[in-house]
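Student: Next comes the structure file target_30.cif, holding mmCIF, C-alpha atoms.
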data_protein
loop_
_atom_site.label_atom_id
_atom_site.label_comp_id
_atom_site.auth_asym_id
_atom_site.auth_seq_id
_atom_site.Cartn_x
_atom_site.Cartn_y
_atom_site.Cartn_z
CA MET A 1 80.32 31.40 70.78
CA ARG A 2 81.34 30.54 74.37
CA ILE A 3 82.90 34.01 74.81
CA PHE A 4 79.73 35.64 73.44
CA ILE A 5 77.54 33.70 75.91
CA ARG A 6 79.80 34.69 78.82
CA PHE A 7 79.62 38.33 77.70
CA CYS A 8 75.81 38.18 77.59
CA ILE A 9 75.61 36.61 81.06
CA LEU A 10 77.95 39.27 82.46
CA PHE A 11 75.98 42.04 80.76
CA ILE A 12 72.68 40.75 82.14
CA THR A 13 74.17 40.35 85.67
CA ILE A 14 75.46 43.91 85.71
CA GLY A 15 72.29 45.25 84.18
CA ILE A 16 69.98 43.84 86.85
CA GLN A 17 72.03 45.28 89.74
CA ALA A 18 70.30 48.45 90.78
CA GLN A 19 72.32 51.57 91.37
CA GLY A 20 70.62 54.37 93.24
CA THR A 21 71.52 57.71 94.72
CA ILE A 22 71.32 59.43 98.05
CA SER A 23 70.97 63.18 97.69
CA GLY A 24 69.73 66.16 99.59
CA ASN A 25 70.20 69.63 100.97
CA PHE A 26 71.83 70.91 104.14
CA SER A 27 71.23 74.22 105.89
CA PRO A 28 72.76 76.53 106.82
CA ALA A 29 74.70 75.79 103.64
CA LYS A 30 77.91 77.44 104.88
CA ASP A 31 78.23 74.89 107.71
CA PHE A 32 78.52 71.83 105.44
CA LYS A 33 81.48 71.06 103.18
CA TRP A 34 81.65 67.29 102.74
CA LEU A 35 79.77 64.03 103.30
CA ILE A 36 81.00 60.45 103.77
CA ALA A 37 78.70 57.42 103.45
CA TYR A 38 79.44 54.30 105.49
CA GLU A 39 77.61 51.00 105.24
CA LEU A 40 76.68 49.86 108.74
CA THR A 41 77.60 46.25 109.51
CA PRO A 42 77.40 44.16 112.72
CA ASN A 43 81.16 44.66 113.16
CA GLY A 44 81.15 48.39 112.51
CA GLU A 45 81.22 50.94 109.72
CA ARG A 46 82.51 50.20 106.21
CA TYR A 47 83.42 53.05 103.86
CA SER A 48 81.20 53.30 100.78
CA LYS A 49 81.38 56.74 99.12
CA ASP A 50 82.13 60.41 99.75
CA THR A 51 81.32 63.69 98.05
CA ALA A 52 81.59 67.44 98.43
CA VAL A 53 78.63 69.50 99.64
CA LYS A 54 78.29 72.54 97.39
CA ASP A 55 76.00 75.41 98.37
CA GLY A 56 74.29 73.05 100.78
CA ALA A 57 73.51 70.39 98.14
CA PHE A 58 75.03 66.95 97.59
CA SER A 59 74.45 63.82 95.53
CA LEU A 60 75.98 60.42 96.19
CA GLU A 61 75.78 57.94 93.33
CA MET A 62 76.07 54.73 95.29
CA PRO A 63 78.47 52.02 94.04
CA ILE A 64 76.91 49.06 92.23
CA THR A 65 78.49 46.84 94.90
CA ALA A 66 76.75 48.72 97.74
CA GLN A 67 74.53 46.35 99.71
CA ALA A 68 70.98 47.12 100.78
CA GLY A 69 70.82 48.18 104.41
CA MET A 70 71.43 51.07 106.80
CA TYR A 71 73.96 53.75 105.82
CA ARG A 72 75.55 56.40 108.02
CA LEU A 73 76.12 59.78 106.40
CA VAL A 74 78.81 61.63 108.33
CA TYR A 75 78.95 65.41 107.80
CA ALA A 76 81.36 66.61 110.53
CA VAL A 77 83.72 65.44 113.26
CA PRO A 78 83.63 63.73 115.66
CA GLN A 79 82.01 61.14 113.41
CA ASP A 80 80.08 59.44 116.20
CA GLU A 81 78.16 62.66 116.90
CA PHE A 82 77.48 64.30 113.53
CA TYR A 83 75.71 61.83 111.27
CA ILE A 84 72.40 60.85 109.69
CA ASP A 85 71.31 57.21 109.32
CA VAL A 86 69.17 56.30 106.29
CA ILE A 87 67.85 53.13 104.68
CA TYR A 88 69.23 52.39 101.22
CA ASP A 89 67.47 49.45 99.52
CA LYS A 90 69.15 49.64 96.07
CA LYS A 91 65.73 50.36 94.54
CA GLU A 92 64.81 53.85 95.66
CA HIS A 93 66.51 57.18 95.20
CA VAL A 94 66.75 58.62 98.69
CA LYS A 95 66.42 62.37 99.11
CA PHE A 96 66.17 64.51 102.24
CA ASN A 97 66.60 67.96 103.73
CA PHE A 98 68.60 68.41 106.92
CA ASP A 99 68.56 71.59 108.97
CA LEU A 100 70.64 72.10 112.11
CA GLN A 101 67.60 73.61 113.84
CA ASP A 102 64.69 71.57 112.44
CA GLY A 103 66.44 68.22 111.88
CA LEU A 104 65.74 65.64 109.16
CA THR A 105 62.91 65.69 106.60
CA ILE A 106 62.65 62.85 104.07
CA THR A 107 61.46 64.25 100.73
CA LYS A 108 61.86 61.09 98.63
CA SER A 109 61.97 57.44 99.76
CA VAL A 110 58.94 55.45 100.79
CA GLU A 111 61.03 53.22 103.07
CA ASN A 112 62.58 56.08 105.00
CA LYS A 113 59.25 57.88 105.28
CA TRP A 114 57.61 54.75 106.69
CA TYR A 115 60.47 54.24 109.08
CA ASN A 116 60.52 57.79 110.43
CA GLU A 117 56.73 58.14 110.45
CA TYR A 118 56.28 54.92 112.43
CA PHE A 119 58.86 55.76 115.09
CA SER A 120 57.51 59.27 115.43
CA LYS A 121 53.91 58.12 115.94
CA ILE A 122 54.66 55.14 118.19
CA THR A 123 56.87 57.30 120.41
CA VAL A 124 54.09 59.85 120.88
CA ALA A 125 51.63 57.08 121.78
CA GLN A 126 54.07 55.48 124.24
CA ASP A 127 54.69 58.87 125.84
CA ARG A 128 50.93 59.26 126.33
CA LEU A 129 50.87 56.01 128.31
CA LEU A 130 53.80 57.10 130.50
CA GLU A 131 52.17 60.49 131.02
CA TYR A 132 48.98 58.75 132.15
CA TYR A 133 50.95 57.03 134.92
CA GLU A 134 53.04 60.10 135.79
CA LEU A 135 49.98 62.33 136.22
CA GLY A 136 48.21 59.72 138.33
CA LYS A 137 45.16 59.58 136.06
CA GLU A 138 42.35 57.15 136.91
CA SER A 139 40.12 57.08 133.81
CA LYS A 140 40.01 53.48 132.56
CA LYS A 141 38.38 54.69 129.34
CA GLU A 142 41.33 56.95 128.57
CA TYR A 143 43.77 54.19 129.51
CA MET A 144 42.14 51.66 127.18
CA ALA A 145 42.04 54.25 124.38
CA ILE A 146 45.80 54.69 124.68
CA LEU A 147 46.34 50.91 124.60
CA ASN A 148 44.10 50.61 121.55
CA GLU A 149 46.05 53.34 119.77
CA LEU A 150 49.33 51.56 120.50
CA LYS A 151 48.01 48.22 119.24
CA THR A 152 46.48 49.74 116.11
CA LEU A 153 49.63 51.65 115.19
CA GLN A 154 51.87 48.64 115.67
CA THR A 155 49.62 46.23 113.80
CA THR A 156 48.92 48.63 110.92
CA TYR A 157 52.57 49.38 110.23
CA GLU A 158 53.57 45.73 110.54
CA GLU A 159 50.88 44.60 108.10
CA ASN A 160 51.37 47.38 105.54
CA HIS A 161 55.13 47.30 105.13
CA VAL A 162 56.07 43.63 104.80
CA ASN A 163 59.17 42.74 102.72
CA THR A 164 60.90 46.06 103.36
CA ILE A 165 63.98 46.90 105.39
CA ALA A 166 61.85 49.27 107.45
CA HIS A 167 59.53 46.37 108.35
CA LYS A 168 62.31 44.57 110.22
CA PHE A 169 62.76 47.53 112.53
CA ILE A 170 59.03 48.08 112.93
CA LYS A 171 58.40 44.44 113.85
CA ALA A 172 61.38 44.29 116.21
CA ASN A 173 60.17 47.44 117.96
CA ARG A 174 56.89 45.80 119.09
CA SER A 175 56.86 46.36 122.84
CA TYR A 176 54.72 45.10 125.69
CA ILE A 177 51.14 46.41 125.62
CA PRO A 178 48.80 45.40 128.49
CA SER A 179 45.51 43.72 127.59
CA ASP A 180 43.76 45.44 130.49
CA PHE A 181 44.48 48.10 133.11
CA GLU A 182 47.70 47.63 135.12
CA ASN A 183 49.10 49.82 137.85
CA LEU A 184 52.53 51.33 137.25
CA GLU A 185 54.49 48.74 139.23
CA THR A 186 52.82 45.83 137.41
CA PHE A 187 53.22 47.51 134.03
CA LEU A 188 56.95 48.14 134.52
CA LYS A 189 57.49 44.58 135.74
CA ASN A 190 55.74 43.09 132.71
CA LYS A 191 57.38 45.54 130.31
CA LYS A 192 60.80 44.48 131.59
CA GLN A 193 59.92 40.79 131.40
CA HIS A 194 58.91 41.08 127.74
CA HIS A 195 61.57 43.61 126.65
CA PHE A 196 63.50 41.14 124.48
CA ASP A 197 60.50 39.23 123.04
CA HIS A 198 60.58 40.76 119.54
CA LEU A 199 64.04 42.31 119.26
CA ALA A 200 65.43 39.74 116.77
CA ILE A 201 68.92 40.15 118.22
CA LYS A 202 70.45 37.69 115.74
CA ASP A 203 69.37 39.73 112.69
CA PRO A 204 72.53 41.20 111.03
CA LEU A 205 70.62 44.23 109.74
CA LEU A 206 69.41 45.18 113.22
CA GLN A 207 72.88 44.52 114.63
CA SER A 208 74.30 46.99 112.12
CA SER A 209 72.26 49.99 113.24
CA ASN A 210 71.87 51.77 116.58
CA PHE A 211 68.47 50.14 117.07
CA LEU A 212 69.54 47.20 119.23
CA THR A 213 72.25 49.04 121.17
CA ASP A 214 69.68 51.72 122.03
CA LYS A 215 67.24 49.02 123.13
CA PHE A 216 69.89 47.49 125.38
CA SER A 217 70.65 50.90 126.90
CA SER A 218 66.97 51.50 127.54
CA TYR A 219 66.67 48.14 129.30
CA VAL A 220 69.82 48.48 131.40
CA PHE A 221 69.18 52.00 132.68
CA SER A 222 65.38 52.27 132.60
CA ALA A 223 63.95 48.82 133.38
CA LEU A 224 64.25 49.35 137.12
CA PRO A 225 61.97 48.71 140.13
CA VAL A 226 60.01 51.72 141.39
CA THR A 227 61.04 50.72 144.93
CA ILE A 228 64.67 51.85 144.51
CA THR A 229 65.60 54.44 147.14
CA THR A 230 69.42 54.40 147.37
CA LYS A 231 72.33 54.65 144.96
CA ASP A 232 73.62 51.24 146.03
CA GLN A 233 70.27 49.68 145.10
CA LEU A 234 70.34 51.49 141.77
CA ILE A 235 73.86 50.29 140.95
CA SER A 236 72.94 46.73 141.92
CA GLU A 237 69.84 46.67 139.69
CA VAL A 238 71.66 48.22 136.72
CA ILE A 239 74.44 45.61 136.97
CA LYS A 240 71.77 42.87 137.04
CA ASN A 241 70.37 44.30 133.80
CA VAL A 242 73.85 44.36 132.25
CA LYS A 243 74.21 40.65 133.08
CA VAL A 244 70.89 39.84 131.38
CA THR A 245 71.90 41.82 128.30
CA ALA A 246 75.28 40.07 128.16
CA GLU A 247 73.53 36.69 128.16
CA LYS A 248 71.31 37.78 125.25
CA ILE A 249 74.23 38.78 122.98
CA VAL A 250 76.78 36.13 123.90
CA ASN A 251 76.71 34.47 120.45
CA THR A 252 76.56 37.62 118.32
CA PRO A 253 79.47 39.06 116.26
CA LEU A 254 82.32 40.43 118.38
CA GLY A 255 82.14 43.87 116.80
CA PHE A 256 78.48 44.10 117.76
CA GLN A 257 79.24 43.02 121.32
CA VAL A 258 81.97 45.65 121.61
CA ARG A 259 79.65 48.42 120.35
CA SER A 260 76.88 47.30 122.71
CA PHE A 261 79.04 47.16 125.82
CA HIS A 262 80.91 50.34 124.90
CA GLN A 263 77.65 52.27 124.65
CA LEU A 264 76.54 50.96 128.05
CA TRP A 265 79.95 51.92 129.46
CA LYS A 266 79.66 55.48 128.12
CA ILE A 267 76.11 55.97 129.42
CA ALA A 268 77.11 54.68 132.86
CA GLY A 269 79.94 57.23 132.90
CA ALA A 270 77.66 60.07 131.82
CA ASN A 271 75.42 59.23 134.78
CA GLY A 272 78.24 59.00 137.31
CA MET A 273 77.94 55.22 137.73
CA VAL A 274 81.65 54.40 137.92
CA GLU A 275 80.91 51.07 139.61
CA VAL A 276 78.80 50.05 136.61
CA GLN A 277 81.50 51.27 134.22
CA ASP A 278 84.12 49.16 135.97
CA TYR A 279 81.85 46.11 136.02
CA ILE A 280 81.09 46.38 132.30
CA PHE A 281 84.73 46.86 131.35
CA LYS A 282 86.24 44.16 133.57
CA ASN A 283 83.60 41.49 132.95
CA HIS A 284 82.50 42.06 129.34
CA LEU A 285 83.90 44.94 127.29
CA LYS A 286 87.63 44.29 127.74
CA LYS A 287 87.28 40.61 126.90
CA ALA A 288 85.19 41.30 123.79
CA ALA A 289 87.48 44.11 122.61
CA LEU A 290 90.64 42.02 122.97
CA ALA A 291 89.00 39.09 121.16
CA ASN A 292 88.07 41.58 118.42
CA LYS A 293 91.73 42.75 118.32
CA ASP A 294 90.77 46.25 119.47
CA GLN A 295 93.66 47.01 121.82
CA LYS A 296 93.28 50.72 121.11
CA LEU A 297 89.83 50.82 122.69
CA VAL A 298 91.07 48.92 125.74
CA ASP A 299 93.94 51.39 126.16
CA GLU A 300 91.59 54.38 125.80
CA ILE A 301 89.18 53.05 128.42
CA GLU A 302 91.93 52.14 130.85
CA MET A 303 93.32 55.66 130.49
CA ALA A 304 89.89 57.24 130.94
CA SER A 305 89.41 55.17 134.11
CA ARG A 306 92.81 56.22 135.46
CA LEU A 307 92.14 59.90 134.88
CA ARG A 308 88.45 60.20 135.67
CA LYS A 309 87.22 62.55 138.35
CA GLY A 310 87.53 60.94 141.78
CA ALA A 311 90.27 58.47 140.82
CA VAL A 312 93.55 58.61 142.75
CA SER A 313 96.32 59.94 140.53
CA PRO A 314 99.03 57.56 139.31
CA ASN A 315 102.26 58.20 141.18
CA ILE A 316 105.01 60.60 140.06
CA THR A 317 108.55 60.46 141.41
CA TRP A 318 111.51 62.87 141.31
CA GLU A 319 114.71 63.70 143.13
CA ALA A 320 115.25 66.78 145.33
CA ASN A 321 118.38 67.44 147.35
CA GLY A 322 119.62 63.94 146.62
CA LYS A 323 116.48 62.29 147.98
CA LYS A 324 113.73 60.46 146.10
CA GLN A 325 110.34 62.17 146.36
CA SER A 326 106.91 60.97 145.31
CA LEU A 327 103.43 62.42 144.80
CA LEU A 328 101.65 59.73 146.78
CA THR A 329 103.92 60.05 149.83
CA MET A 330 104.47 63.81 149.92
CA GLU A 331 103.21 65.92 152.81
CA PRO A 332 99.49 66.74 153.11
CA ALA A 333 97.96 69.74 151.28
CA ALA A 334 94.49 71.02 150.47
CA ASN A 335 95.22 70.63 146.75
CA TYR A 336 97.90 69.36 144.41
CA LEU A 337 98.57 70.68 140.92
CA LEU A 338 100.16 68.53 138.22
CA VAL A 339 101.73 70.43 135.32
CA PHE A 340 103.00 68.60 132.24
CA TRP A 341 105.20 70.95 130.24
CA SER A 342 108.37 71.15 128.14
CA SER A 343 111.30 73.55 128.23
CA THR A 344 111.07 73.81 124.42
CA CYS A 345 107.34 74.66 124.40
CA SER A 346 106.64 78.36 123.73
CA HIS A 347 103.23 78.25 125.42
CA CYS A 348 104.81 76.68 128.51
CA LEU A 349 107.53 79.32 128.68
CA LYS A 350 104.78 81.95 128.67
CA GLU A 351 102.26 80.34 131.04
CA LEU A 352 104.45 78.68 133.68
CA PRO A 353 106.33 81.80 134.90
CA ALA A 354 103.00 83.65 135.16
CA LEU A 355 101.44 80.73 137.02
CA HIS A 356 104.47 80.44 139.30
CA LYS A 357 104.03 84.06 140.31
CA GLU A 358 100.24 83.73 140.81
CA LEU A 359 100.65 80.71 143.11
CA GLU A 360 103.34 82.17 145.38
CA ASP A 361 100.81 82.92 148.13
CA TYR A 362 99.03 79.55 147.98
CA GLU A 363 100.42 77.97 151.14
CA ASN A 364 98.23 74.87 151.09
CA LEU A 365 99.04 73.86 147.51
CA LYS A 366 101.75 71.55 146.20
CA VAL A 367 102.81 71.79 142.55
CA ILE A 368 104.54 68.97 140.67
CA ALA A 369 105.83 70.04 137.27
CA VAL A 370 106.74 67.18 134.93
CA GLY A 371 109.03 68.13 132.06
CA LEU A 372 108.50 66.08 128.89
CA GLU A 373 111.98 66.36 127.41
CA ASP A 374 114.37 64.94 124.85
CA ASP A 375 117.27 65.72 127.19
CA ALA A 376 117.85 67.41 130.55
CA VAL A 377 120.12 70.28 129.51
CA ASN A 378 117.57 73.03 128.81
CA TRP A 379 115.10 71.61 131.34
CA LYS A 380 117.59 72.17 134.19
CA LYS A 381 118.05 75.82 133.24
CA VAL A 382 114.33 76.62 132.89
CA SER A 383 113.09 74.58 135.87
CA ALA A 384 115.59 76.43 138.08
CA THR A 385 113.63 79.64 137.38
CA LEU A 386 110.53 78.06 138.96
CA PRO A 387 111.87 77.22 142.44
CA SER A 388 108.55 76.80 144.28
CA PHE A 389 107.52 73.93 141.99
CA ASN A 390 108.59 70.33 142.54
CA HIS A 391 110.29 69.21 139.32
CA ALA A 392 110.19 65.77 137.70
CA ILE A 393 111.53 64.92 134.25
CA ALA A 394 110.19 62.46 131.68
CA LEU A 395 112.83 61.70 129.04
CA GLY A 396 111.38 60.43 125.78
CA LYS A 397 108.86 63.27 125.70
CA TRP A 398 105.63 62.02 124.05
CA GLU A 399 106.80 58.40 124.27
CA SER A 400 107.68 58.64 127.96
CA ASP A 401 105.80 56.57 130.55
CA TYR A 402 104.29 59.67 132.16
CA ALA A 403 103.01 61.01 128.83
CA LYS A 404 101.31 57.68 128.13
CA THR A 405 100.03 57.17 131.67
CA PHE A 406 98.44 60.62 131.87
CA GLY A 407 97.38 60.76 128.20
CA ILE A 408 99.35 63.92 127.47
CA GLN A 409 98.84 65.13 123.90
CA SER A 410 99.84 68.78 124.27
CA THR A 411 101.77 71.01 126.64
CA PRO A 412 101.10 72.53 129.03
CA THR A 413 98.49 70.16 130.48
CA TYR A 414 97.13 70.70 133.98
CA PHE A 415 95.40 68.49 136.55
CA ILE A 416 94.05 69.68 139.91
CA LEU A 417 93.89 67.05 142.67
CA ASP A 418 92.11 67.17 146.02
CA SER A 419 93.66 66.58 149.45
CA GLU A 420 93.54 62.80 148.87
CA LYS A 421 95.28 63.20 145.50
CA ARG A 422 92.13 62.38 143.57
CA PHE A 423 91.43 64.08 140.23
CA LEU A 424 89.18 67.11 140.53
CA SER A 425 89.51 68.87 137.17
CA LYS A 426 91.60 69.44 134.06
CA PRO A 427 91.93 73.21 133.49
CA GLU A 428 92.64 74.42 129.97
CA SER A 429 95.06 77.25 130.88
CA ASP A 430 97.05 78.85 133.69
CA LYS A 431 94.22 81.34 134.18
CA GLU A 432 91.68 78.51 134.60
CA VAL A 433 93.99 76.89 137.13
CA VAL A 434 93.91 80.01 139.29
CA GLU A 435 90.16 80.48 138.86
CA GLN A 436 89.38 76.89 139.87
CA LEU A 437 91.73 76.97 142.87
CA GLU A 438 90.07 80.17 144.07
CA ASN A 439 86.63 78.60 143.80
#
Please express what this file holds, its structure, as structure tokens.

Tutor:
Amino acid sequence: MRIFIRFCILFITIGIQAQGTISGNFSPAKDFKWLIAYELTPNGERYSKDTAVKDGAFSLEMPITAQAGMYRLVYAVPQDEFYIDVIYDKKEHVKFNFDLQDGLTITKSVENKWYNEYFSKITVAQDRLLEYYELGKESKKEYMAILNELKTLQTTYEENHVNTIAHKFIKANRSYIPSDFENLETFLKNKKQHHFDHLAIKDPLLQSSNFLTDKFSSYVFSALPVTITTKDQLISEVIKNVKVTAEKIVNTPLGFQVRSFHQLWKIAGANGMVEVQDYIFKNHLKKAALANKDQKLVDEIEMASRLRKGAVSPNITWEANGKKQSLLTMEPAANYLLVFWSSTCSHCLKELPALHKELEDYENLKVIAVGLEDDAVNWKKVSATLPSFNHAIALGKWESDYAKTFGIQSTPTYFILDSEKRFLSKPESDKEVVEQLEN
């Protein structure tokens, strides 16, 4: 009898757990072969399910254990670029069409339709307000109409979609709306002051998606005084915004902190703000990543910082005529070329002799060729055929210090430096080297 009761309880428990699907169509069909679903969590992505895409169609029968929340559907690599995020609530069957030209269209799922419809409409309304300021309009009637539209949209969607996953995002997205006319400077000041009022930063669901990290990015790089006139002022204000953001997320999961700071670091780099990048990494990102046991990310960022455009190259040493030579102490030149190659690399044996010949007439150029080798025997023979190059050797090949310091993953790899030995570019071939030196 006891076994029978346990069986019934187990049967009922399994029976009430919903199991839904996520399905859809991709086009052009030939460009899609597979799909992987990841559950998004505050600490990162967690694998859930994968399937093949056949003739542009797919269907994912989600595991019974899949939790309600946001899911990332990855359809190509790199995974952080080619994905679609959808809400899966364990109740609905989600269906959509995705076209590389036209984007995403939800065909089945009330939650996802609400979510996408709300963000589409509220963005248009917010853009109307910004356009009002940008065009220098003066009609108070038009201004108040825009404010009324913003308030109505926000209130309507909040009231109509309670107790849904979408509602959490809609409510958290409530932004500052003036009660009466404000000039641009006053509006931006108040908008910045109230930026975090409704974000619900401690909510695990919001931490799992890109919603909060995007909000942080918007604050850090957009919530700025209109009086800024110099780059130094801009850098200073952005760093102030980073500090405020760091204070807001100090007690959140480490994985979430790492994602938040890493996104800010990447955006700063994309906008040429190396000072902001360095501040974020040294004061926040490195500490959070190490605490989260993510040494790989720390190593990647430190390498990217070493090799970024404008950074002084790490030193390289070699011996010539019995004397120790070094990149950082060698005689002045207009440019320096670093070549990482191997005497056992077929591409190198083709490109380097051709490059050597092309560069014979470049009087104001110094070339340092670093051989990544298992031993020096063959390297000595081949390097002797390239006499106008300065030759260094890195025994241990891919595991050598130089390979790790310069992030060498294939040979040949080229770096062009300026007269101060700062990185200028990373050409893809010997022909690109010549083209870039000529220009």

Student: Take the PyMOL selection byres ((chain A and resi 90) around 10), run it mentally on this structure, and tell me the resulting residues as a list in words.

Tutor: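 The output of the PyMOL selection byres ((chain A and resi 90) around 10) on this file is Gln17, Ala18, Gln19, Gly20, Thr21, Met62, Pro63, Ile64, Thr65, Ala66, Gln67, Ala68, Gly69, Ile87, Tyr88, Asp89, Lys91, Glu92, His93 and Val94 of chain A.
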
Student: Using all atoms listed in the file, determine which residues lie at most 6 Å from range 405-422 of chain A, disregarding the query and same-chain residues fewer than 3 positions distant; provide the list as a ChimeraX atom specification.

Tutor: /A:310-313,333-341,348,401-402,425-427

Student: Do a neighbour search on Pro178 in chain A at 8 Å with all atoms listed in the file, toss out local chain neighbours closer than 4 positions, and write the hits as a list in words.

Tutor: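 Surrounding residues, per the criterion: Leu147, Glu182 and Phe187 of chain A.
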
Student: What lies within 8 Å of range 367-384 of chain A using all atoms listed in the file, ignoring chain neighbours under 3 positions off, as a PDB file with C-alpha atoms, in the coordinates of the input?

Tutor:
ATOM      1  CA  LEU A 327     103.430  62.420 144.800  1.00  0.00           C
ATOM      2  CA  TYR A 336      97.900  69.360 144.410  1.00  0.00           C
ATOM      3  CA  LEU A 337      98.570  70.680 140.920  1.00  0.00           C
ATOM      4  CA  LEU A 338     100.160  68.530 138.220  1.00  0.00           C
ATOM      5  CA  VAL A 339     101.730  70.430 135.320  1.00  0.00           C
ATOM      6  CA  PHE A 340     103.000  68.600 132.240  1.00  0.00           C
ATOM      7  CA  TRP A 341     105.200  70.950 130.240  1.00  0.00           C
ATOM      8  CA  SER A 342     108.370  71.150 128.140  1.00  0.00           C
ATOM      9  CA  SER A 343     111.300  73.550 128.230  1.00  0.00           C
ATOM     10  CA  THR A 344     111.070  73.810 124.420  1.00  0.00           C
ATOM     11  CA  PRO A 387     111.870  77.220 142.440  1.00  0.00           C
ATOM     12  CA  SER A 388     108.550  76.800 144.280  1.00  0.00           C
ATOM     13  CA  PHE A 389     107.520  73.930 141.990  1.00  0.00           C
ATOM     14  CA  ASN A 390     108.590  70.330 142.540  1.00  0.00           C
ATOM     15  CA  HIS A 391     110.290  69.210 139.320  1.00  0.00           C
ATOM     16  CA  ALA A 392     110.190  65.770 137.700  1.00  0.00           C
ATOM     17  CA  ILE A 393     111.530  64.920 134.250  1.00  0.00           C
ATOM     18  CA  ALA A 394     110.190  62.460 131.680  1.00  0.00           C
ATOM     19  CA  LEU A 395     112.830  61.700 129.040  1.00  0.00           C
ATOM     20  CA  GLY A 396     111.380  60.430 125.780  1.00  0.00           C
ATOM     21  CA  LYS A 397     108.860  63.270 125.700  1.00  0.00           C
ATOM     22  CA  TRP A 398     105.630  62.020 124.050  1.00  0.00           C
ATOM     23  CA  SER A 400     107.680  58.640 127.960  1.00  0.00           C
ATOM     24  CA  ALA A 403     103.010  61.010 128.830  1.00  0.00           C
TER      25      ALA A 403
END

Student: Carefully work through the PyMOL selection byres ((chain A and resi 300) around 12) for this structure and note down the residues it includes, as a VMD selection string.

Tutor: chain A and resid 262 281 286 289 294 to 299 301 to 308 404 to 407

Student: Would you save the residues from that selection as a JSON list (two decimals), in the frame of the given file, using C-alpha atoms?

Tutor:
[["chain", "number", "residue", "atom", "x", "y", "z"],
["A", 262, "HIS", "CA", 80.91, 50.34, 124.90],
["A", 281, "PHE", "CA", 84.73, 46.86, 131.35],
["A", 286, "LYS", "CA", 87.63, 44.29, 127.74],
["A", 289, "ALA", "CA", 87.48, 44.11, 122.61],
["A", 294, "ASP", "CA", 90.77, 46.25, 119.47],
["A", 295, "GLN", "CA", 93.66, 47.01, 121.82],
["A", 296, "LYS", "CA", 93.28, 50.72, 121.11],
["A", 297, "LEU", "CA", 89.83, 50.82, 122.69],
["A", 298, "VAL", "CA", 91.07, 48.92, 125.74],
["A", 299, "ASP", "CA", 93.94, 51.39, 126.16],
["A", 301, "ILE", "CA", 89.18, 53.05, 128.42],
["A", 302, "GLU", "CA", 91.93, 52.14, 130.85],
["A", 303, "MET", "CA", 93.32, 55.66, 130.49],
["A", 304, "ALA", "CA", 89.89, 57.24, 130.94],
["A", 305, "SER", "CA", 89.41, 55.17, 134.11],
["A", 306, "ARG", "CA", 92.81, 56.22, 135.46],
["A", 307, "LEU", "CA", 92.14, 59.90, 134.88],
["A", 308, "ARG", "CA", 88.45, 60.20, 135.67],
["A", 404, "LYS", "CA", 101.31, 57.68, 128.13],
["A", 405, "THR", "CA", 100.03, 57.17, 131.67],
["A", 406, "PHE", "CA", 98.44, 60.62, 131.87],
["A", 407, "GLY", "CA", 97.38, 60.76, 128.20]]

Student: When you draw a straight line from CA of Val110 in chain A to CA of Phe256 in chain A, how long is it in Å?

Tutor: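 Interatomic distance, CA of Val110 in chain A to CA of Phe256 in chain A: 28.3 Å.
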
Student: Can you tell me how far CA of Ala270 in chain A sits from CA of Ala246 in chain A, in Å to one decimal?

Tutor: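 Computing the Euclidean distance for CA of Ala270 in chain A and CA of Ala246 in chain A yields 20.5 Å.
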
Student: What does the distance from CA of Gln436 in chain A to CA of Lys357 in chain A come to in Å, to one decimal?

Tutor: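 Calculated distance between CA of Gln436 in chain A and CA of Lys357 in chain A is 16.3 Å.
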